[in-house]
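What's in input_0.cif: mmCIF, C-alpha atoms
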data_upload
loop_
_atom_site.label_atom_id
_atom_site.label_comp_id
_atom_site.auth_asym_id
_atom_site.auth_seq_id
_atom_site.Cartn_x
_atom_site.Cartn_y
_atom_site.Cartn_z
CA MET A 180 -58.72 4.20 13.96
CA SER A 181 -56.79 1.46 12.22
CA GLY A 182 -58.06 -1.31 9.99
CA ARG A 183 -57.76 -5.07 10.03
CA PHE A 184 -54.25 -5.00 8.53
CA HIS A 185 -52.15 -2.57 10.44
CA VAL A 186 -48.55 -1.65 11.28
CA SER A 187 -48.34 0.43 14.44
CA GLU A 188 -45.74 2.35 16.40
CA HIS A 189 -47.95 2.09 19.46
CA PRO A 190 -48.42 -0.84 21.87
CA LEU A 191 -50.74 -3.55 20.54
CA GLN A 192 -53.76 -4.85 22.40
CA GLU A 193 -54.97 -8.39 21.83
CA ALA A 194 -58.60 -7.58 22.58
CA ARG A 195 -58.68 -4.75 20.08
CA VAL A 196 -57.51 -7.00 17.26
CA SER A 197 -59.70 -9.96 18.15
CA GLY A 198 -62.67 -7.60 18.53
CA MET A 199 -62.33 -6.74 14.85
CA VAL A 200 -63.21 -10.27 13.73
CA SER A 201 -65.84 -11.14 16.33
CA ASP A 202 -69.06 -11.03 14.38
CA GLY A 203 -72.19 -12.90 15.36
CA GLY A 204 -71.85 -15.97 13.13
CA ALA A 205 -68.45 -17.07 14.37
CA GLY A 206 -68.43 -20.08 16.65
CA GLY A 207 -64.64 -20.09 17.00
CA LEU A 208 -62.11 -17.31 17.33
CA VAL A 209 -58.39 -18.09 17.56
CA THR A 210 -55.94 -15.34 18.45
CA PHE A 211 -52.17 -15.56 18.32
CA VAL A 212 -50.06 -13.08 20.30
CA GLY A 213 -46.30 -12.99 19.69
CA ARG A 214 -44.17 -11.29 22.32
CA VAL A 215 -40.51 -10.37 22.45
CA ARG A 216 -38.71 -13.17 24.30
CA PRO A 217 -36.09 -12.32 26.92
CA HIS A 218 -33.55 -14.71 25.38
CA SER A 219 -32.39 -15.55 21.86
CA ASP A 220 -29.82 -18.28 21.20
CA GLY A 221 -28.81 -18.13 24.86
CA ARG A 222 -28.20 -14.39 24.81
CA GLN A 223 -30.11 -11.89 26.93
CA VAL A 224 -32.18 -9.65 24.66
CA GLU A 225 -32.26 -6.01 25.76
CA ARG A 226 -34.58 -4.83 23.04
CA LEU A 227 -35.76 -5.59 19.52
CA GLU A 228 -36.16 -3.13 16.72
CA TYR A 229 -38.71 -3.77 13.97
CA GLU A 230 -38.67 -1.77 10.77
CA ALA A 231 -41.16 -1.80 7.92
CA TYR A 232 -42.66 0.29 5.18
CA PRO A 233 -46.18 0.34 6.62
CA GLU A 234 -48.03 0.46 3.28
CA MET A 235 -46.03 -2.48 1.90
CA ALA A 236 -46.41 -4.51 5.07
CA GLU A 237 -50.14 -3.83 5.33
CA ALA A 238 -50.62 -4.84 1.69
CA ALA A 239 -48.71 -8.08 2.42
CA PHE A 240 -50.94 -8.74 5.44
CA GLY A 241 -53.99 -8.34 3.21
CA GLU A 242 -52.61 -10.78 0.67
CA ILE A 243 -51.79 -13.37 3.31
CA ALA A 244 -55.31 -13.00 4.72
CA SER A 245 -56.79 -13.47 1.22
CA GLU A 246 -54.72 -16.60 0.78
CA ALA A 247 -56.04 -17.89 4.12
CA GLN A 248 -59.61 -17.08 3.03
CA ARG A 249 -59.10 -19.19 -0.10
CA ARG A 250 -57.57 -22.15 1.76
CA PHE A 251 -59.77 -22.36 4.84
CA ARG A 252 -63.44 -21.91 5.67
CA ILE A 253 -63.02 -18.76 7.71
CA LEU A 254 -65.07 -15.63 8.18
CA ASP A 255 -62.53 -12.95 8.94
CA VAL A 256 -58.86 -12.20 9.68
CA ALA A 257 -57.07 -9.28 11.36
CA ILE A 258 -53.29 -8.79 11.57
CA HIS A 259 -51.54 -6.05 13.55
CA HIS A 260 -47.76 -5.71 13.81
CA ARG A 261 -45.74 -3.34 15.95
CA VAL A 262 -42.69 -1.45 14.69
CA GLY A 263 -40.02 0.53 16.54
CA SER A 264 -38.10 -0.45 19.67
CA LEU A 265 -39.64 -3.17 21.85
CA LYS A 266 -38.55 -4.57 25.20
CA PRO A 267 -38.88 -8.24 26.22
CA GLY A 268 -42.47 -9.06 27.06
CA GLU A 269 -43.95 -6.47 24.69
CA ILE A 270 -46.36 -7.63 21.98
CA ALA A 271 -44.84 -7.68 18.48
CA VAL A 272 -47.75 -9.19 16.54
CA VAL A 273 -51.40 -10.18 16.94
CA VAL A 274 -53.30 -12.39 14.47
CA ALA A 275 -57.02 -13.07 14.97
CA VAL A 276 -59.12 -15.46 12.88
CA ALA A 277 -62.86 -16.10 13.16
CA ALA A 278 -64.62 -19.14 11.70
CA ALA A 279 -67.86 -21.00 12.12
CA HIS A 280 -65.89 -24.04 13.33
CA ARG A 281 -62.82 -24.14 15.53
CA GLY A 282 -60.68 -26.44 13.40
CA ASP A 283 -60.67 -23.93 10.55
CA ALA A 284 -59.87 -21.06 12.90
CA PHE A 285 -56.86 -22.91 14.41
CA GLU A 286 -55.45 -23.99 11.05
CA ALA A 287 -55.90 -20.61 9.40
CA CYS A 288 -54.40 -18.68 12.33
CA ARG A 289 -51.34 -20.93 12.29
CA PHE A 290 -51.08 -20.56 8.53
CA VAL A 291 -51.23 -16.76 8.73
CA ILE A 292 -48.52 -16.36 11.38
CA ASP A 293 -46.23 -18.88 9.62
CA ARG A 294 -46.75 -17.06 6.33
CA LEU A 295 -46.12 -13.69 7.95
CA LYS A 296 -42.79 -14.88 9.31
CA GLU A 297 -41.82 -16.11 5.85
CA LEU A 298 -43.08 -13.26 3.72
CA ALA A 299 -43.85 -10.03 5.49
CA PRO A 300 -41.50 -7.14 4.63
CA ILE A 301 -40.54 -6.45 8.23
CA TRP A 302 -36.96 -6.39 9.47
CA LYS A 303 -35.81 -7.22 12.96
CA LYS A 304 -32.69 -6.19 14.84
CA GLU A 305 -31.81 -7.79 18.16
CA HIS A 306 -29.86 -5.78 20.73
CA TYR A 307 -27.90 -7.75 23.33
CA GLY A 308 -25.57 -6.70 26.14
CA GLY A 309 -22.66 -7.21 23.74
CA GLY A 310 -23.96 -5.77 20.48
CA ALA A 311 -26.73 -5.95 17.90
CA VAL A 312 -27.57 -8.03 14.84
CA TRP A 313 -30.10 -7.70 12.01
CA ILE A 314 -32.08 -10.93 11.78
CA GLY A 315 -33.59 -10.18 8.37
CA ALA A 316 -37.24 -11.14 8.19
CA PHE A 317 -38.81 -11.28 11.63
CA MET B 1077 -61.21 -13.12 41.77
CA SER B 1078 -61.17 -16.43 40.01
CA GLY B 1079 -58.31 -18.76 39.19
CA ARG B 1080 -56.99 -20.29 36.01
CA PHE B 1081 -59.67 -23.00 35.92
CA HIS B 1082 -63.00 -21.42 36.40
CA VAL B 1083 -66.72 -21.93 35.81
CA SER B 1084 -68.62 -18.65 35.84
CA GLU B 1085 -72.21 -17.44 35.74
CA HIS B 1086 -70.97 -14.07 34.52
CA PRO B 1087 -69.90 -13.00 31.00
CA LEU B 1088 -66.39 -14.12 30.06
CA GLN B 1089 -63.69 -11.77 28.81
CA GLU B 1090 -60.99 -13.06 26.51
CA ALA B 1091 -58.37 -10.57 27.74
CA ARG B 1092 -58.90 -11.51 31.35
CA VAL B 1093 -58.21 -15.19 30.66
CA SER B 1094 -55.26 -14.62 28.32
CA GLY B 1095 -53.81 -12.13 30.83
CA MET B 1096 -53.52 -14.98 33.34
CA VAL B 1097 -50.96 -16.85 31.24
CA SER B 1098 -49.00 -13.90 29.87
CA ASP B 1099 -45.75 -14.10 31.76
CA GLY B 1100 -42.47 -12.67 30.53
CA GLY B 1101 -40.87 -15.81 29.09
CA ALA B 1102 -43.66 -16.64 26.67
CA GLY B 1103 -42.98 -15.91 23.02
CA GLY B 1104 -46.34 -17.27 21.87
CA LEU B 1105 -49.82 -17.04 23.32
CA VAL B 1106 -52.76 -18.75 21.63
CA THR B 1107 -56.29 -18.04 22.80
CA PHE B 1108 -59.43 -19.84 21.71
CA VAL B 1109 -62.81 -18.19 22.20
CA GLY B 1110 -65.94 -20.29 21.62
CA ARG B 1111 -69.19 -18.41 21.11
CA VAL B 1112 -72.81 -19.53 20.85
CA ARG B 1113 -73.62 -19.81 17.16
CA PRO B 1114 -76.92 -18.47 15.85
CA HIS B 1115 -77.69 -21.72 14.01
CA SER B 1116 -77.42 -25.43 14.80
CA ASP B 1117 -78.31 -28.09 12.22
CA GLY B 1118 -80.16 -25.46 10.24
CA ARG B 1119 -82.29 -24.37 13.16
CA GLN B 1120 -82.29 -20.88 14.64
CA VAL B 1121 -80.87 -21.01 18.16
CA GLU B 1122 -82.65 -18.71 20.60
CA ARG B 1123 -80.44 -19.51 23.56
CA LEU B 1124 -78.20 -22.18 25.04
CA GLU B 1125 -78.19 -23.38 28.59
CA TYR B 1126 -75.00 -24.77 30.11
CA GLU B 1127 -75.09 -26.66 33.39
CA ALA B 1128 -72.18 -27.93 35.46
CA TYR B 1129 -71.10 -28.74 38.97
CA PRO B 1130 -68.45 -26.02 39.19
CA GLU B 1131 -66.06 -27.94 41.47
CA MET B 1132 -66.15 -31.03 39.26
CA ALA B 1133 -65.76 -29.02 36.07
CA GLU B 1134 -62.88 -26.94 37.46
CA ALA B 1135 -61.11 -30.12 38.60
CA ALA B 1136 -61.56 -31.56 35.10
CA PHE B 1137 -60.11 -28.36 33.57
CA GLY B 1138 -57.07 -28.72 35.82
CA GLU B 1139 -56.57 -32.34 34.76
CA ILE B 1140 -56.85 -31.50 31.09
CA ALA B 1141 -54.32 -28.68 31.58
CA SER B 1142 -51.94 -31.08 33.35
CA GLU B 1143 -52.28 -33.52 30.49
CA ALA B 1144 -51.43 -30.71 28.05
CA GLN B 1145 -48.41 -29.75 30.19
CA ARG B 1146 -47.15 -33.32 29.95
CA ARG B 1147 -47.66 -33.59 26.18
CA PHE B 1148 -46.46 -30.18 24.99
CA ARG B 1149 -43.70 -27.75 25.88
CA ILE B 1150 -45.93 -25.07 27.31
CA LEU B 1151 -45.63 -22.62 30.17
CA ASP B 1152 -49.17 -22.08 31.32
CA VAL B 1153 -52.86 -22.79 30.62
CA ALA B 1154 -56.09 -21.08 31.68
CA ILE B 1155 -59.63 -22.35 31.02
CA HIS B 1156 -62.84 -20.45 31.78
CA HIS B 1157 -66.32 -21.73 30.96
CA ARG B 1158 -69.62 -19.96 31.29
CA VAL B 1159 -72.75 -21.58 32.70
CA GLY B 1160 -76.39 -20.49 32.67
CA SER B 1161 -78.44 -19.11 29.79
CA LEU B 1162 -76.49 -17.67 26.84
CA LYS B 1163 -77.70 -15.91 23.70
CA PRO B 1164 -76.09 -16.31 20.26
CA GLY B 1165 -72.82 -14.38 20.09
CA GLU B 1166 -72.08 -14.74 23.80
CA ILE B 1167 -68.80 -16.36 24.85
CA ALA B 1168 -69.20 -19.91 26.20
CA VAL B 1169 -65.54 -20.83 26.72
CA VAL B 1170 -62.06 -19.28 26.64
CA VAL B 1171 -58.82 -21.33 26.57
CA ALA B 1172 -55.44 -19.57 26.71
CA VAL B 1173 -52.06 -21.28 26.37
CA ALA B 1174 -48.61 -19.68 26.65
CA ALA B 1175 -45.41 -21.27 25.36
CA ALA B 1176 -41.90 -20.21 24.44
CA HIS B 1177 -42.62 -21.21 20.83
CA ARG B 1178 -45.79 -20.76 18.83
CA GLY B 1179 -46.10 -24.32 17.50
CA ASP B 1180 -46.47 -25.71 21.00
CA ALA B 1181 -48.99 -23.04 21.94
CA PHE B 1182 -51.19 -23.80 18.90
CA GLU B 1183 -51.08 -27.56 19.37
CA ALA B 1184 -51.72 -27.44 23.10
CA CYS B 1185 -54.61 -24.97 22.80
CA ARG B 1186 -56.27 -27.17 20.19
CA PHE B 1187 -55.69 -30.24 22.34
CA VAL B 1188 -57.25 -28.56 25.39
CA ILE B 1189 -60.44 -27.42 23.66
CA ASP B 1190 -60.89 -30.79 21.91
CA ARG B 1191 -60.38 -32.59 25.23
CA LEU B 1192 -62.79 -30.25 26.99
CA LYS B 1193 -65.51 -31.00 24.47
CA GLU B 1194 -64.94 -34.74 24.97
CA LEU B 1195 -64.53 -34.87 28.71
CA ALA B 1196 -65.71 -31.86 30.65
CA PRO B 1197 -68.75 -32.51 32.85
CA ILE B 1198 -70.79 -29.68 31.33
CA TRP B 1199 -74.24 -30.17 29.81
CA LYS B 1200 -75.76 -28.13 27.07
CA LYS B 1201 -79.40 -27.54 26.14
CA GLU B 1202 -80.33 -25.80 22.91
CA HIS B 1203 -83.54 -23.78 22.75
CA TYR B 1204 -85.05 -23.22 19.30
CA GLY B 1205 -88.21 -21.53 18.11
CA GLY B 1206 -89.89 -24.95 18.14
CA GLY B 1207 -88.56 -26.51 21.34
CA ALA B 1208 -85.45 -27.53 23.23
CA VAL B 1209 -83.04 -30.44 23.31
CA TRP B 1210 -80.27 -31.57 25.65
CA ILE B 1211 -77.08 -32.10 23.64
CA GLY B 1212 -75.18 -33.94 26.36
CA ALA B 1213 -71.60 -32.88 26.61
CA PHE B 1214 -71.07 -29.42 25.18
#

Translate the structure of the given file into structure tokens.
Amino acid sequence: MSGRFHVSEHPLQEARVSGMVSDGGAGGLVTFVGRVRPHSDGRQVERLEYEAYPEMAEAAFGEIASEAQRRFRILDVAIHHRVGSLKPGEIAVVVAVAAAHRGDAFEACRFVIDRLKELAPIWKKEHYGGGAVWIGAF
Amino acid sequence: MSGRFHVSEHPLQEARVSGMVSDGGAGGLVTFVGRVRPHSDGRQVERLEYEAYPEMAEAAFGEIASEAQRRFRILDVAIHHRVGSLKPGEIAVVVAVAAAHRGDAFEACRFVIDRLKELAPIWKKEHYGGGAVWIGAF
């Protein structure tokens, strides 16, 4: 079984991630699910490849969660990210945040996914009909 | 089977509601889950009772979703609310919003749950060790 901060080669399930932060005291749980979109800059995406060093990425997830814990009144955070080759519609990332009050859960969840996109050591390559391009950070 | 805007006497499942808005074009899905908290104003909550006229409440959910569709660039919204007697930890409400981009999904989901708490014709009664009180709108 995986922990709260996890990089996986297997399909992600929203309910599994949100279930990790659903303890009894939480009045509000906000979950973000990011999927591979079928288009990027007007081009048809055939598949996306995500690459990461799992230990580094999981450590980064833990640091981002700690930063969220310091900034917001939240109870718990879980972050799972997929790696490997994904087709449009597949889930790339799930972030779940539990808090006593909903405002904190919304703000912290948004903060975590924005921070992940900025900082997480995960690389993304988009494959189109006509070729492929590394996007750098996801 | 129920629709996107639904009042239910049965336990709610986050994944069932978010699955209703998960079509292929959505890059971002934000789900809010509201649970009964074990405390309210320092008092131990034994259970909460929610009452609604389902048809009226479901129509109100649809109007709030339409308002969100007009204000934000979103693809779809689903709103399920439980009625009856709930214990602490049980899910009272689930709101799921899908959008091409995550910012819209976060803002619209927050808008919908805030609007629901203001407007939805659902009444809430808290039962404590020492008595019970109607809270008015949930």

What are the closest atom pairs, with distances in Å to one decimal, for all residues of segment 1094-1188 of chain B lying within 10 Å of segment 211-222 of chain A? Consider only C-alpha atoms, order rows by chain and residue number, and present the result as JSON lines.
{"residue": "B:Ser1094", "atom": "CA", "partner": "A:Val212", "partner_atom": "CA", "distance": 9.7}
{"residue": "B:Ser1098", "atom": "CA", "partner": "A:Arg214", "partner_atom": "CA", "distance": 9.3}
{"residue": "B:Asp1099", "atom": "CA", "partner": "A:Arg214", "partner_atom": "CA", "distance": 10.0}
{"residue": "B:Gly1100", "atom": "CA", "partner": "A:Arg216", "partner_atom": "CA", "distance": 7.3}
{"residue": "B:Gly1101", "atom": "CA", "partner": "A:Arg216", "partner_atom": "CA", "distance": 5.9}
{"residue": "B:Ala1102", "atom": "CA", "partner": "A:Arg216", "partner_atom": "CA", "distance": 6.5}
{"residue": "B:Gly1103", "atom": "CA", "partner": "A:Arg214", "partner_atom": "CA", "distance": 4.8}
{"residue": "B:Gly1104", "atom": "CA", "partner": "A:Gly213", "partner_atom": "CA", "distance": 4.8}
{"residue": "B:Leu1105", "atom": "CA", "partner": "A:Val212", "partner_atom": "CA", "distance": 5.0}
{"residue": "B:Val1106", "atom": "CA", "partner": "A:Phe211", "partner_atom": "CA", "distance": 4.6}
{"residue": "B:Thr1107", "atom": "CA", "partner": "A:Phe211", "partner_atom": "CA", "distance": 6.6}
{"residue": "B:Phe1108", "atom": "CA", "partner": "A:Phe211", "partner_atom": "CA", "distance": 9.1}
{"residue": "B:Ala1172", "atom": "CA", "partner": "A:Phe211", "partner_atom": "CA", "distance": 9.9}
{"residue": "B:Val1173", "atom": "CA", "partner": "A:Phe211", "partner_atom": "CA", "distance": 9.9}
{"residue": "B:Ala1174", "atom": "CA", "partner": "A:Val212", "partner_atom": "CA", "distance": 9.3}
{"residue": "B:Ala1176", "atom": "CA", "partner": "A:Arg216", "partner_atom": "CA", "distance": 7.7}
{"residue": "B:His1177", "atom": "CA", "partner": "A:Gly213", "partner_atom": "CA", "distance": 9.1}
{"residue": "B:Arg1178", "atom": "CA", "partner": "A:Gly213", "partner_atom": "CA", "distance": 7.8}
{"residue": "B:Ala1181", "atom": "CA", "partner": "A:Phe211", "partner_atom": "CA", "distance": 8.9}
{"residue": "B:Phe1182", "atom": "CA", "partner": "A:Phe211", "partner_atom": "CA", "distance": 8.3}

Subject >> 7 Å contact set for segment 253-270 of chain A, all atoms listed in the file, chain neighbours under 2 positions out, as an MDAnalysis selection string >> reply: (chainID A and resid 183:191 196 199:200 212:217 225:231 240 244 248 251 272:279 283:284) or (chainID B and resid 1100)

Subject >> Residue nearest Glu237 of chain A - candidates A:Arg195, A:Ile292, A:Arg250, A:Ile301, atoms counted: only C-alpha atoms >> reply: A:Ile301

Original post:
What does the distance between atom CA of Ala311 of chain A and atom CA of Arg294 of chain A come to in Å, to one decimal place?
Top reply: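 Value for the atom CA of Ala311 of chain A-atom CA of Arg294 of chain A distance: 25.7 Å.
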
Original post:
For chain B, which residue out of A:Glu234, A:Glu286, A:Glu297, A:Glu246 is the nearest one, using only C-alpha atoms?
Top reply: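 Ranked by minimum distance to chain B, first place goes to A:Glu286.
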
Subject >> Hits of the PyMOL selection byres ((chain B and resi 1210) around 9) in this structure, as number ranges by chain >> reply: B: 1125, 1199-1203, 1208-1209, 1211-1213

If you keep C-alpha atoms, can you produce a file of those selected residues as an mmCIF file, in the coordinates of the input?
data_model
loop_
_atom_site.group_PDB
_atom_site.id
_atom_site.type_symbol
_atom_site.label_atom_id
_atom_site.label_comp_id
_atom_site.auth_asym_id
_atom_site.auth_seq_id
_atom_site.Cartn_x
_atom_site.Cartn_y
_atom_site.Cartn_z
ATOM 1 C CA GLU B 1125 -78.190 -23.380 28.590
ATOM 2 C CA TRP B 1199 -74.240 -30.170 29.810
ATOM 3 C CA LYS B 1200 -75.760 -28.130 27.070
ATOM 4 C CA LYS B 1201 -79.400 -27.540 26.140
ATOM 5 C CA GLU B 1202 -80.330 -25.800 22.910
ATOM 6 C CA HIS B 1203 -83.540 -23.780 22.750
ATOM 7 C CA ALA B 1208 -85.450 -27.530 23.230
ATOM 8 C CA VAL B 1209 -83.040 -30.440 23.310
ATOM 9 C CA ILE B 1211 -77.080 -32.100 23.640
ATOM 10 C CA GLY B 1212 -75.180 -33.940 26.360
ATOM 11 C CA ALA B 1213 -71.600 -32.880 26.610
#

**OP:** Please measure the separation of atom CA of Gly1138 of chain B and atom CA of Arg1186 of chain B, giving the value in Å to one decimal.
**Re:**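 If I compute the distance from atom CA of Gly1138 of chain B to atom CA of Arg1186 of chain B, I get 15.7 Å.
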